[in-house]
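**Q** There's a structure below that I have some questions on.
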Amino acid sequence: MADAVIYARYSTDKQTEVSIEAQVRACREYAQRHGLTVREIYADEAISGKGSKTASRRQYQRLLRDCEKGAVQTILIHKYDRIARNLGEHVNLEARLKAAGVRLVAVEQDFGDSNEAKIMRALMWSLSEYYIDNLASETKKGLREAALKGLHTGGYAPFGWDVVGEKGNRHYQINELEAGYVRRMFDAAQTGEGFTALIEEMAAAGIRGKRGKPIKYPQIYEILRNEKYTGVYLYSPTEAADRGARRTKDEAIRIENGMPAIISKEQFMEVQKIMEGRKHAGRKAGYLCSGLVYCSCGAKMHGITSKRKGHEYKYFTCAAKCGAPVVHMDDVDDAAIRYVRELLTPDNQQRVADALRLYQAGAGARMTEFKQAVKKRIREKQRQYDALMQNLSSGALPAEVVADIGAQMKEIKEQIATLEATEPPKDFTVDTIKAWLESIKAAPDREAVRLLIERINVNPEAGEGEAKEKTAFSMESTLKTVLRNNGCGGRI
């Protein structure tokens, strides 16, 4: 009897119409009827038949190598679409197998070896390609219709939302526990306090991303750049290779207020400005005012250091090289510190305190929801703990299993304790806020400068008379929306 091998494949985990077992069974029955002995089975599971995925089919590639070695005489497949769904791939494969002296038989589409059979095979190959192209087109059409309604189009929901609803009406709903952490990420970015403590807290509480991975700096960066958190629904039929381009989605469907907002647009835009400023500051972020100084031509000025005769000199120079003179860094630093002290007058401190109190007063409802979400997560963790306890009490278990369950129970208990200790941001009193502002005024540092100054403009016009200075500066405060027309932001 002649030898034969079987190749079987299915596309995705959800495909059940023609499983690997059913394909192999049909091929074995054919082999038995035609006096063939099945020597080996090659099977690829959950891999597409598209031409671009061919290289990913490890068993298929091994089969081709065995054919070239002369180890295969006949290949049995269930249908032609199991081997490929691309006409060009079929033609190339037939030429390759013919050169190796290998016969390919689709047991459910065996048309024989006549000229008419060749035409039928070509038709089946073309139909396979048409099917996959049409399926892709129909799928995109369906996803676009869902996107136009602001519905979930597949994949994982972003951190901060859950997907709820029946099939055909799957939409986004805020996960208040996750959303609370998202708001804290944006608050931390806005105030410049950093994310280390927040990352540690999330890890201790067992808070993870939608894919089950810990949330660290890269994930926080993507969250801070994602406009969806302002309630903008975005959908693009294709995914750009560059991560930044994925966020912009120029050709995307864009629906304002298409999903529940977690943060305000104003806060999102403010965070984007801060992040852009940090990105351009680069290595020079060690300077007091780095990333804040702008030349009279409008370009950003970068810090430089030069050494002459054993002395070190620090300057700001125009990044656009417009020809404007350099600015002594000490002059900029002195002006910034003087501005911060003049900015924090008693009246302005009262305005800032009132604004913060007003913001916190409006946050009562969402703080209640945050606490409710924490309690829900604690109940879920407790159920996990109780299930493990039940496993322990169910009977004798191997020592390593008992140890593993004990470790899991200890970890869950620690997560519960962390969640129980989780509190929303403190409701600061007016006196606390004023004391904080007074400490900034008394000793302005790099963080204080970045907190209170948005931009330092270099003015080429110097002062008049004996009071003439080397350089004049005008400051723009981050508090302008709070302080409004109080004279701040003027020339120093």
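Just remember, in the structure tokens the first chain shown is A, the second B, etc., residues are 1-based per chain, and ligands are 1-based in the order shown.
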Run DSSP on the backbone and tell me which residues of range 244-356 of chain A come out as helix (DSSP H, G or I); list them as a VMD selection string.

**A** chain A and resid 244 to 248 265 to 286 329 to 343 346 to 356

**Q** When you draw a straight line from CA of Arg211 in chain A to CA of Thr196 in chain A, how long is it in Å?

**A**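 Computing the Euclidean distance for CA of Arg211 in chain A and CA of Thr196 in chain A yields 21.2 Å.
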
**Q** Just want the 10 Å neighbourhood of Pro158 in chain A, counted on only C-alpha atoms, with same-chain residues fewer than 4 positions away dropped. Output as a PDB file with C-alpha atoms, in the first residue's frame.

**A**
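Written output follows (out10.pdb):
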```pdb
ATOM      1  CA  ASP A 162     -16.646  47.516  31.241  1.00  0.00           C
ATOM      2  CA  VAL A 163     -18.560  46.205  28.229  1.00  0.00           C
ATOM      3  CA  TYR A 172     -19.389  50.842  27.474  1.00  0.00           C
ATOM      4  CA  GLU A 178     -10.914  51.553  37.764  1.00  0.00           C
ATOM      5  CA  GLY A 209      -5.224  46.061  33.297  1.00  0.00           C
ATOM      6  CA  LYS A 210      -7.899  44.425  31.174  1.00  0.00           C
ATOM      7  CA  ARG A 211      -5.409  41.837  29.912  1.00  0.00           C
ATOM      8  CA  ILE A 223      -4.056  56.169  29.427  1.00  0.00           C
ATOM      9  CA  ASN A 226      -6.145  58.419  25.251  1.00  0.00           C
ATOM     10  CA  LYS A 228     -11.568  58.360  24.978  1.00  0.00           C
ATOM     11  CA  TYR A 229     -11.413  59.227  28.669  1.00  0.00           C
TER      12      TYR A 229
END
```

**Q** With distances taken over only C-alpha atoms, which residue among A:Glu40, A:Glu476, A:Asp404, A:Glu276 lies nearest Ala189 in chain A?

**A** A:Glu276

**Q** Can you work out which one of A:Val164, A:Thr305, A:Ala2, A:Lys371 has the shortest atom-to-atom distance to Gly35 in chain A, counting only C-alpha atoms?

**A**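 That would be A:Ala2, the residue with the smallest distance to Gly35 in chain A.
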
**Q** With only C-alpha atoms as the counted atoms, please give the residues lying no more than 12 Å from Thr418 in chain A, apart from itself and same-chain residues fewer than 4 positions off, as a tab-separated table (two decimals) with N, CA, C and O atoms, in the first residue's frame.

**A**
```tsv
chain	number	residue	atom	x	y	z
A	200	GLU	N	2.40	51.33	43.12
A	200	GLU	CA	2.56	50.40	44.24
A	200	GLU	C	1.22	50.08	44.88
A	200	GLU	O	0.96	48.93	45.26
A	201	GLU	N	0.38	51.09	45.03
A	201	GLU	CA	-0.94	50.88	45.63
A	201	GLU	C	-1.80	49.95	44.77
A	201	GLU	O	-2.45	49.03	45.29
A	202	MET	N	-1.80	50.16	43.45
A	202	MET	CA	-2.58	49.30	42.56
A	202	MET	C	-2.07	47.86	42.59
A	202	MET	O	-2.87	46.91	42.59
A	203	ALA	N	-0.76	47.70	42.64
A	203	ALA	CA	-0.19	46.36	42.69
A	203	ALA	C	-0.60	45.66	43.98
A	203	ALA	O	-0.97	44.47	43.98
A	204	ALA	N	-0.56	46.38	45.10
A	204	ALA	CA	-0.92	45.79	46.39
A	204	ALA	C	-2.40	45.43	46.45
A	204	ALA	O	-2.78	44.45	47.09
A	205	ALA	N	-3.23	46.23	45.77
A	205	ALA	CA	-4.68	45.98	45.78
A	205	ALA	C	-5.12	44.98	44.71
A	205	ALA	O	-6.30	44.66	44.60
A	206	GLY	N	-4.18	44.49	43.92
A	206	GLY	CA	-4.53	43.54	42.87
A	206	GLY	C	-5.24	44.17	41.69
A	206	GLY	O	-5.93	43.48	40.93
A	207	ILE	N	-5.07	45.48	41.50
A	207	ILE	CA	-5.68	46.18	40.36
A	207	ILE	C	-4.81	45.96	39.14
A	207	ILE	O	-3.64	46.35	39.11
A	374	VAL	N	-15.11	49.89	45.40
A	374	VAL	CA	-14.11	49.24	46.25
A	374	VAL	C	-14.74	48.12	47.04
A	374	VAL	O	-14.20	47.01	47.14
A	375	LYS	N	-15.92	48.38	47.61
A	375	LYS	CA	-16.61	47.34	48.38
A	375	LYS	C	-16.96	46.15	47.50
A	375	LYS	O	-16.87	44.99	47.93
A	377	ARG	N	-15.31	45.13	44.85
A	377	ARG	CA	-14.08	44.37	44.59
A	377	ARG	C	-13.68	43.56	45.83
A	377	ARG	O	-13.20	42.42	45.70
A	378	ILE	N	-13.90	44.11	47.02
A	378	ILE	CA	-13.59	43.37	48.26
A	378	ILE	C	-14.46	42.12	48.35
A	378	ILE	O	-13.98	41.03	48.72
A	381	LYS	N	-13.05	39.51	46.04
A	381	LYS	CA	-11.85	38.89	46.61
A	381	LYS	C	-12.21	37.94	47.74
A	381	LYS	O	-11.60	36.87	47.88
A	411	GLU	N	-2.12	36.09	49.69
A	411	GLU	CA	-2.09	37.22	48.75
A	411	GLU	C	-3.45	37.91	48.67
A	411	GLU	O	-3.54	39.14	48.64
A	412	ILE	N	-4.52	37.12	48.63
A	412	ILE	CA	-5.88	37.70	48.56
A	412	ILE	C	-6.18	38.50	49.82
A	412	ILE	O	-6.75	39.60	49.76
A	413	LYS	N	-5.78	37.99	50.99
A	413	LYS	CA	-6.00	38.71	52.24
A	413	LYS	C	-5.26	40.05	52.23
A	413	LYS	O	-5.79	41.07	52.70
A	414	GLU	N	-4.05	40.06	51.70
A	414	GLU	CA	-3.29	41.30	51.61
A	414	GLU	C	-3.97	42.29	50.68
A	414	GLU	O	-4.01	43.50	50.94
A	422	THR	N	-8.01	51.77	51.10
A	422	THR	CA	-8.04	52.71	49.99
A	422	THR	C	-9.04	53.83	50.26
A	422	THR	O	-10.20	53.58	50.59
A	423	GLU	N	-8.57	55.07	50.13
A	423	GLU	CA	-9.42	56.22	50.36
A	423	GLU	C	-9.35	57.16	49.16
A	423	GLU	O	-8.31	57.27	48.53
```

**Q** Hey, which of A:Gly160, A:Gly291, A:Gly180, A:Pro214 ends up closest to Ile453 in chain A? Count only C-alpha atoms.

**A**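 Once distances to Ile453 in chain A are computed over only C-alpha atoms, the minimum belongs to A:Gly291.
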
**Q** List every residue of range 298-354 of chain A that DSSP, applied to the backbone, labels as strand (DSSP E), and write the result as a list of chain:residue names.

**A** A:Met301, A:His302, A:Gly303, A:Ile304, A:Thr305, A:Ser306, A:Lys307, A:Arg308, A:His311, A:Glu312, A:Tyr313, A:Lys314, A:Tyr315, A:Phe316, A:Thr317, A:Cys318, A:Val327, A:His328

**Q** To one decimal in Å, tell me the separation between CA of Trp161 in chain A and CA of Gln408 in chain A.

**A**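 Distance between the two atoms: 27.0 Å.
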
**Q** Restricting the calculation to only C-alpha atoms, which member of A:Leu451, A:Ala336, A:Ala100, A:Cys297 is positioned closest to Gly323 in chain A?

**A**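 Ranking A:Leu451, A:Ala336, A:Ala100, A:Cys297 by distance to Gly323 in chain A, first place goes to A:Cys297.
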
**Q** Using only C-alpha atoms, find the one residue out of A:Arg455, A:Ala179, A:Val449, A:Gly406 that sits nearest to Lys273 in chain A.

**A**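 So, comparing all the options, the nearest one is A:Arg455.
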